[in-house]
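Worksheet: the structure to be examined is printed underneath.
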Amino acid sequence: MLNPLKANSRVLRRASIRRLAKPSVSVISNPIRSAGSLSQRPNSGFVSFPGALKSSFTSSLKFETPDSYTALPTYRVVDQNGQVVDPSFNADISDEEVVKLYKDMLFISIMDLIMFDAQRQGRISFYMVSAGEEAVSVGTSSVLDREDPVFCQYREQGLFKERGFKTEQFMAQLFANKNDNGRGRNMPIHYGCKPLNIHTVSSPLATQLPQASGAAYALKLQRLQDPSSKPRVAAVFFGEGAASEGDFHAALNIAATRSCPVIFICRNNGFAISTPTLDQYRGDGIASRGIGYGIDTIRIDGNDIWAVREATKKAREMALQDGGKPVLIEAMTYRVSHHSTSDDSFAYRARVEVEDWKRRDNPITRLRKWMEAKGIWDEAKEKEARDSLRKEILKGFSEAEREKKPPIGSMFEDIYEGLTPDLKEQMGQLKEILETYPEEYDVASYEGGVDSLNVPKDN
Amino acid sequence: MRLATRQYKRYASTAAAARQLNVPINFGTTPLLHKKPDTLTSLPEFSKVGTTKRMNLFQSVNSALQTALRSNPRVLCFGEDVGFGGVFRCTTGLQEEFGDERVFNTPLTEQGIVGAAIGAAAEGMRPVVEIQFADYVFPAFDQIVNEASKFRYREGATGTNLGGLVIRMPCGGVGHGALYHSQSPEALFCHVPGFRVVMPRSPSQAKGLLLSAILESEDPVIFMEPKILYRAAVEEVPDEYYTLPLGKAEVITPGSDLTIISYGRPMYTCAAAIEAAKKNRPDLSVELIDLRSIYPWDRETVLQSVAKTGRAMVVHESMVNFGVGAEIAATIQEKIFMQLQAPVRRIAGWTTHTGLAYEKYILPDVARIYDGIFEMVDY
């Protein structure tokens with residue numbers, strides 16, 4: 001990119017004159033960029049261009065085709081029937097802990113059903129379920145450190161639940177009431193929780209990915225500056241559709257070049273709203289992109305919580321090795337739900353296809369089968385768990401629905417650290433309107449009513 | 001994440017019985033929609049059109065796209081989920097009729113969509129691309145600001161231009177879109193010259209303006225569709241090909257006391273506020289102007305009107321700061337300062353993001369415009 005600043009253009013001019021004078025001599029003298037100064041040895045069997053250090057010469061004119069590579073395998077530990085297929089596998093957690101993970105997945109799936117219906121009844125404005133993808137969020141969460149910062153997309157309710165997000169916190173956000181961390185500003189399912197180290201969900205796709213690379217770099221530097229601090233990684237979730245955005249490519253590239261300890265976790269669920277993967281990308285899924293960027297990568301069965309756990313555990317270790325590096329996990333799932341409450345997916349895919357998937361495989365039933373085979377779960381426990389989770393969710397639901405909305409004045413806050421002169425004036429203007437036309441507004445449902453628009457004196 | 005427009009019940013509002021002003025817009029009776037063919041065809045701009053059909057906004061956009069695809073083989077339609085008809089149904093049936101070479105899904109990449117459209121237009125096609133929500137156009141900003149806007153200027157004497165490139169995007173509040181499904185970023189596009197920026201107020205306007213943008217404009221066009229109107233606004237729309245001029249505002253109702261200048265969805269809010277104000281003061285005479293093209297805008301029509309009424313109010317949804325209202329107000333006071341009888345007034349979104357729980361307090365409503373009308377005429 002050309003820099004119009006004078007000083008820089010002088011440098012540019014000088015460099016280009018030098019290049020003209022001595023075309024074969026490298027003008028790069030900065031010792032930090034040593035790769036650029038490698039020179040070609042006579043009769044070398046390898047290319048030593050700075051852009052490809054280990055490429056051997058060949059006299060065969062051959063283009064590589066994606067088809068000449070077999071698809072990357074999909075790692076799994078437990079099959080659809082709950083049978084262990086990895087002989088080296090031993091459950092690394094107690095039975096009680098397994099049951100907790102199972103109940104976390106169950107909680108999300110029950111809350112999804114209730115809230116999807118609530119949206120249909122007009123009681124909340126929007127909802128997105130994560131049906132069929134619970135194992136990815138719950139499984140990864142269960143092996144990340146609680147202090148690892150996480151950037152979510154919008155189908156990671158399970159991670160919030162597993163980290164300890166409470167029913168009333170889910171409900172406060174969904175109803176945008178006064179107890180919501182986001183102060184009623186975000187659409188439903190855009191949860192966020194600082195004590196749990198999860199950044200607030202943002203709707204635009206893939207924007208969270210380069211942010212996670214930068215966050216990981218911050219963790220790496222902070223550890224360099226204070227070696228006694230706890231080693232941490234950043235984790236970031238996204239779908240295969242989001243991987244088409246420029247931000248995905250930027251994120252992987254910057255994480256690779258700066259060796260950032262970040263785990264990229266892709267939920268490849270087959271659909272971006274209506275767009276099937278065939279229209280989304282060519283080549284071997286998202287995993288092949290990771291390899292292309294020089295990132296250690298694995299593809300896993302996203303319906304197998306044990307595979308998710310094993311892979312994420314290992315990925316976290318790798319991400320912290322040698323001062324840090326990125327790792328990519330592509331978890332294969334199937335979006336058995338509609339994209340959101342605004343979508344009717346039977347407009348673009350056959351109902352039978354979805355029913356087949358539901359019957360064939362489901363992360364929750366898979367873990368249930370495994371637990372039943374182990375003798376730690378049965379029909380009675382299932383019923384009891386479902387009933388008590390349902391009761392808990394409905395209780396949180398009705399409490400949250402009755403709560404007031406956040407103060408109206410809060411709509412002007414947090415744009416800047418403090419209120420600007422513009423905003424103070426606008427608060428006053430709005431207050432005057434609300435007081436002049438009280439019957440035109442529903443101020444009483446907001447905490448503090450119109451008084452929340454009083455401009456704070458000390459501000 | 002994406003959502004479609006839908007009308008919700010309980011959480012949205014408590015619809016107090018006492019309300020006179022901030023009641024839901026009655027799209028069945030608003031004077032802005034032509035419920036019968038003869039009121040439409042009596043307008044000079046529609047005098048030559050043939051048969052008409054009742055359509056909502058997404059159907060009229062669909063009809064415009066179908067008409068354009070039929071009349072010129074160089075027209076293409078692509079974008080996210082466009083193949084199955086788009087999340088707002090604007091491209092329904094087009095892939096079936098014109099094939100997936102001309103109407104197709106793209107990967108999820110706004111910069112890719114706009115960049116590819118620029119390249120196709122540079123090679124003589126007329127690509128009409130869809131950005132799923134105006135809120136998601138920003139990855140394409142480099143392509144819009146640094147490439148498409150400057151294309152003709154950069155090419156200079158080569159004469160190459162991007163005529164036929166149209167970037168469509170749904171915009172504006174729907175009551176529950178919050179931070180990322182409510183924005184109306186027209187002012188950002190207007191700051192950089194090179195694009196025509198258009199926002200229709202109704203189905204019959206949308207089809208004519210969109211056909212002009214696709215088939216007649218030799219400048220690239222950003223075409224913003226107020227998504228709340230996709231289903232809500234229903235009126236008679238000509239079946240066949242017709243165009244409406246870009247860069248030309250429309251005086252909807254003539255008046256003598258005050259000029260209200262707006263565009264898109266707030267046109268209905270303005271019309272409702274004027275109606276309520278006239279109930280209170282029957283001799284009140286307000287001129288309502290639909291800007292239609294936000295940039296380059298019709299200065300002549302606006303200045304003539306304000307010179308006559310002596311008072312101007314600009315209404316738009318997006319933030320008041322550095323907005324379209326600022327540009328219009330500045331132009332008015334520069335050109336006809338001595339004819340003004342009151343300061344130019346802007347009624348627009350506050351300088352905030354669109355928080356979910358606060359939307360109806362942020363975007364201009366009937367009460368604020370009504371209040372502004374009396375403040376201005378009694379100044």
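Identifiers for the structure tokens are assigned positionally: chains receive A, B, ... in sequence, residues are indexed from 1 per chain, and ligands are indexed from 1 in the order shown.
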Exercise for the section: Based on DSSP run over this structure's backbone, return all residues of range 256-343 of chain A in alpha helix (DSSP H), as a VMD selection string. Expected result: chain A and resid 256 to 257 277 to 280 287 to 292 305 to 320
Practice task
Would you give me, as number ranges by chain, the residues of chain A that come within 7 Å of chain B, using only C-alpha atoms?
Solution key: A: 122-125, 176, 184-187, 203-204, 241-242, 244-246, 274-275, 279-281, 342, 348, 408, 411-412, 415, 423, 426, 433, 439-440, 442
Could you save those same residues with C-alpha atoms as a PDB file, in the first residue's frame?
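The result, written out as part_27.pdb:
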```pdb
ATOM      1  CA  GLY A 122     -44.362 -13.652  20.903  1.00  0.00           C
ATOM      2  CA  ARG A 123     -42.913 -13.706  24.413  1.00  0.00           C
ATOM      3  CA  ILE A 124     -39.328 -13.159  23.314  1.00  0.00           C
ATOM      4  CA  SER A 125     -38.253 -11.524  20.070  1.00  0.00           C
ATOM      5  CA  ALA A 176     -33.687  -8.245  27.932  1.00  0.00           C
ATOM      6  CA  GLY A 184     -31.170  -5.232  27.401  1.00  0.00           C
ATOM      7  CA  ARG A 185     -29.307  -4.000  24.372  1.00  0.00           C
ATOM      8  CA  ASN A 186     -28.655  -7.209  22.461  1.00  0.00           C
ATOM      9  CA  MET A 187     -30.872  -9.620  20.618  1.00  0.00           C
ATOM     10  CA  SER A 203     -24.010 -10.964  15.333  1.00  0.00           C
ATOM     11  CA  PRO A 204     -21.635 -10.179  12.440  1.00  0.00           C
ATOM     12  CA  GLY A 241     -20.211 -20.481   6.662  1.00  0.00           C
ATOM     13  CA  ALA A 242     -18.333 -17.866   8.668  1.00  0.00           C
ATOM     14  CA  SER A 244     -15.889 -17.812   4.021  1.00  0.00           C
ATOM     15  CA  GLU A 245     -15.536 -14.332   5.460  1.00  0.00           C
ATOM     16  CA  GLY A 246     -12.279 -12.477   5.007  1.00  0.00           C
ATOM     17  CA  SER A 274     -30.013 -22.123   3.407  1.00  0.00           C
ATOM     18  CA  THR A 275     -26.607 -22.376   1.801  1.00  0.00           C
ATOM     19  CA  ASP A 279     -22.115 -23.545  -2.399  1.00  0.00           C
ATOM     20  CA  GLN A 280     -20.011 -22.449   0.555  1.00  0.00           C
ATOM     21  CA  TYR A 281     -16.609 -23.884  -0.252  1.00  0.00           C
ATOM     22  CA  SER A 342     -36.788 -16.478  11.504  1.00  0.00           C
ATOM     23  CA  TYR A 348     -34.556 -25.583   1.152  1.00  0.00           C
ATOM     24  CA  ILE A 408     -34.399   3.954  29.683  1.00  0.00           C
ATOM     25  CA  MET A 411     -29.707   3.499  26.186  1.00  0.00           C
ATOM     26  CA  PHE A 412     -27.447   6.563  26.172  1.00  0.00           C
ATOM     27  CA  ILE A 415     -21.390   4.540  24.023  1.00  0.00           C
ATOM     28  CA  LEU A 423     -25.924  12.676  24.542  1.00  0.00           C
ATOM     29  CA  GLN A 426     -30.571  14.221  23.791  1.00  0.00           C
ATOM     30  CA  ILE A 433     -41.030  14.397  25.070  1.00  0.00           C
ATOM     31  CA  GLU A 439     -49.835   8.531  27.425  1.00  0.00           C
ATOM     32  CA  GLU A 440     -47.839   7.780  24.258  1.00  0.00           C
ATOM     33  CA  ASP A 442     -44.882   2.710  28.223  1.00  0.00           C
TER      34      ASP A 442
END
```
Problem - Near-range 39-45 of chain B list (10 Å; only C-alpha atoms; drop same-chain fewer than 3 positions) as a ChimeraX atom specification - result: /B:33-36,48-52,204,208,235-238,242-245
Selected residues, C-alpha atoms, written as a compact mmCIF listing (two decimals), in the first residue's frame, please.
```txt
# COMPACT_ATOMS: atom_id res chain seq x y z
CA LEU B 33 -49.86 3.56 -0.64
CA HIS B 34 -51.98 3.23 -3.74
CA LYS B 35 -54.67 0.73 -2.90
CA LYS B 36 -56.45 1.33 -6.22
CA LYS B 48 -48.04 5.44 -19.21
CA VAL B 49 -47.98 2.19 -17.26
CA GLY B 50 -50.39 -0.59 -18.18
CA THR B 51 -52.00 -3.12 -15.88
CA THR B 52 -51.18 -3.22 -12.19
CA SER B 204 -44.47 0.98 -6.72
CA GLY B 208 -39.39 1.83 -10.88
CA GLU B 235 -50.13 -1.42 -3.03
CA GLU B 236 -50.78 -1.53 -6.76
CA VAL B 237 -47.60 -1.94 -8.81
CA PRO B 238 -47.35 -1.89 -12.61
CA TYR B 242 -41.21 1.20 -16.11
CA THR B 243 -38.64 3.41 -14.49
CA LEU B 244 -38.61 6.29 -12.04
CA PRO B 245 -35.89 8.91 -12.21
```
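Going from CA of Lys166 in chain A to CA of Tyr154 in chain A covers 17.5 Å.
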Practice task
Find the residues around Leu144 in chain A up to 12 Å (only C-alpha atoms counted), leave out those fewer than 2 positions away in its own chain, and share them as a ChimeraX atom specification.
Solution key: /A:137-142,146-150,159,162-163,196-197,231-236,262-263,308-317,319
Practice task
Mind checking which residues fall within 7 Å of Phe57 in chain A, counting only C-alpha atoms, ignoring those fewer than 4 positions away in the same chain, and posting them as a list in words?
Solution key: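 Contacts, in chain order: Gly45, Phe46 and Val47 of chain A.
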Problem - Residue contacts of Tyr379 in chain B (8 Å, only C-alpha atoms) excluding same-chain residues fewer than 2 positions away, as a PyMOL selection string - result: chain B and resi 341-342+375-377
File of the preceding selection, N, CA and C atoms, as a short mmCIF file (atom, residue, chain, number, x, y, z; two decimals), in the first residue's frame:
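Writing the result to part-v3.cif gives the following:
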```cif
data_model
loop_
_atom_site.label_atom_id
_atom_site.label_comp_id
_atom_site.auth_asym_id
_atom_site.auth_seq_id
_atom_site.Cartn_x
_atom_site.Cartn_y
_atom_site.Cartn_z
N GLN B 341 -37.86 31.01 8.29
CA GLN B 341 -38.58 31.64 9.39
C GLN B 341 -38.34 30.91 10.71
N ALA B 342 -37.60 29.80 10.63
CA ALA B 342 -37.26 29.04 11.85
C ALA B 342 -35.99 28.26 11.55
N GLU B 375 -43.67 22.98 17.20
CA GLU B 375 -42.55 23.81 17.63
C GLU B 375 -42.09 24.71 16.47
N MET B 376 -42.11 24.14 15.27
CA MET B 376 -41.61 24.90 14.12
C MET B 376 -42.61 25.94 13.63
N VAL B 377 -43.88 25.51 13.51
CA VAL B 377 -44.83 26.48 12.94
C VAL B 377 -45.13 27.60 13.95
#
```
Practice task
Would you return as number ranges by chain the members of range 45-189 of chain A that DSSP assigns to strand (DSSP E or B) on this structure's backbone?
Solution key: A: 46-49, 52-56, 75, 78, 84, 150-151
Resulting file, chosen residues, C-alpha atoms, as a short mmCIF file (atom, residue, chain, number, x, y, z; two decimals), in the first residue's frame:
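As written to disk, result10.cif reads:
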```
data_model
loop_
_atom_site.label_atom_id
_atom_site.label_comp_id
_atom_site.auth_asym_id
_atom_site.auth_seq_id
_atom_site.Cartn_x
_atom_site.Cartn_y
_atom_site.Cartn_z
CA PHE A 46 15.95 -27.16 -3.14
CA VAL A 47 14.31 -23.87 -3.84
CA SER A 48 15.53 -21.33 -1.35
CA PHE A 49 13.17 -18.56 -2.31
CA ALA A 52 9.15 -21.54 0.01
CA LEU A 53 12.16 -22.75 1.96
CA LYS A 54 11.86 -26.52 1.62
CA SER A 55 10.57 -27.03 -1.89
CA SER A 56 12.65 -29.39 -4.05
CA TYR A 75 -11.50 -38.66 14.76
CA VAL A 78 -17.36 -43.42 20.73
CA VAL A 84 -15.90 -47.11 22.43
CA VAL A 150 -13.61 -17.41 24.82
CA PHE A 151 -15.12 -15.73 21.79
#
```
Completion exercise
In terms of only C-alpha atoms, the residue from B:Tyr268, B:Phe27, B:Phe195, B:Phe78 at minimal distance from Val128 in chain B is B:Phe78
Problem - Counting only C-alpha atoms, the residue of B:Met199, B:Val234, B:Ile113, B:Ala249 that sits nearest Lys53 in chain B - result: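 Checking each of B:Met199, B:Val234, B:Ile113, B:Ala249 against Lys53 in chain B, counting only C-alpha atoms, the winner is B:Val234.
Take CA of Arg299 in chain B and CA of Gly247 in chain B: the distance between them is 9.2 Å.
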Can you pull out the residues contacting Arg152 in chain B? Cut-off 12 Å, using only C-alpha atoms, and skip same-chain residues under 3 positions away; I want them as an mmCIF file with C-alpha atoms, in the first residue's frame.
```cif
data_model
loop_
_atom_site.group_PDB
_atom_site.id
_atom_site.type_symbol
_atom_site.label_atom_id
_atom_site.label_comp_id
_atom_site.auth_asym_id
_atom_site.auth_seq_id
_atom_site.Cartn_x
_atom_site.Cartn_y
_atom_site.Cartn_z
ATOM 1 C CA ILE B 118 -17.339 -4.767 -9.529
ATOM 2 C CA ALA B 121 -19.600 -4.774 -14.139
ATOM 3 C CA ALA B 122 -16.157 -3.738 -15.353
ATOM 4 C CA ASN B 146 -11.871 2.566 -2.527
ATOM 5 C CA GLU B 147 -12.891 0.639 -5.600
ATOM 6 C CA ALA B 148 -16.416 1.131 -6.917
ATOM 7 C CA SER B 149 -16.732 4.792 -5.838
ATOM 8 C CA GLU B 155 -10.140 4.981 -15.233
ATOM 9 C CA GLY B 156 -10.376 8.542 -16.529
ATOM 10 C CA ALA B 157 -10.109 8.741 -20.272
ATOM 11 C CA THR B 158 -10.490 4.973 -20.670
ATOM 12 C CA GLY B 159 -14.169 5.614 -20.033
ATOM 13 C CA THR B 160 -14.650 2.362 -18.160
ATOM 14 C CA ASN B 161 -17.358 2.580 -15.518
ATOM 15 C CA LEU B 162 -19.557 0.421 -13.327
ATOM 16 C CA GLY B 163 -22.962 1.261 -14.801
ATOM 17 C CA PRO B 193 -18.959 10.385 -3.922
ATOM 18 C CA GLY B 194 -19.336 7.914 -6.781
ATOM 19 C CA PHE B 195 -22.374 5.856 -5.805
ATOM 20 C CA GLU B 218 -24.417 4.347 -15.786
ATOM 21 C CA ASP B 219 -23.296 4.944 -12.209
ATOM 22 C CA PRO B 220 -23.226 2.238 -9.537
#
```
Handout entry: Straight-line distance linking CA of Val75 in chain B with CA of Asp247 in chain A, stated in Å to one decimal
Key =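 The value is 29.6 Å.
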Exercise for the section: Can you work out which one of B:Leu258, B:Ala120, B:Leu32, B:Ala272 has the shortest atom-to-atom distance to Leu340 in chain B, counting only C-alpha atoms? Expected result: B:Leu258
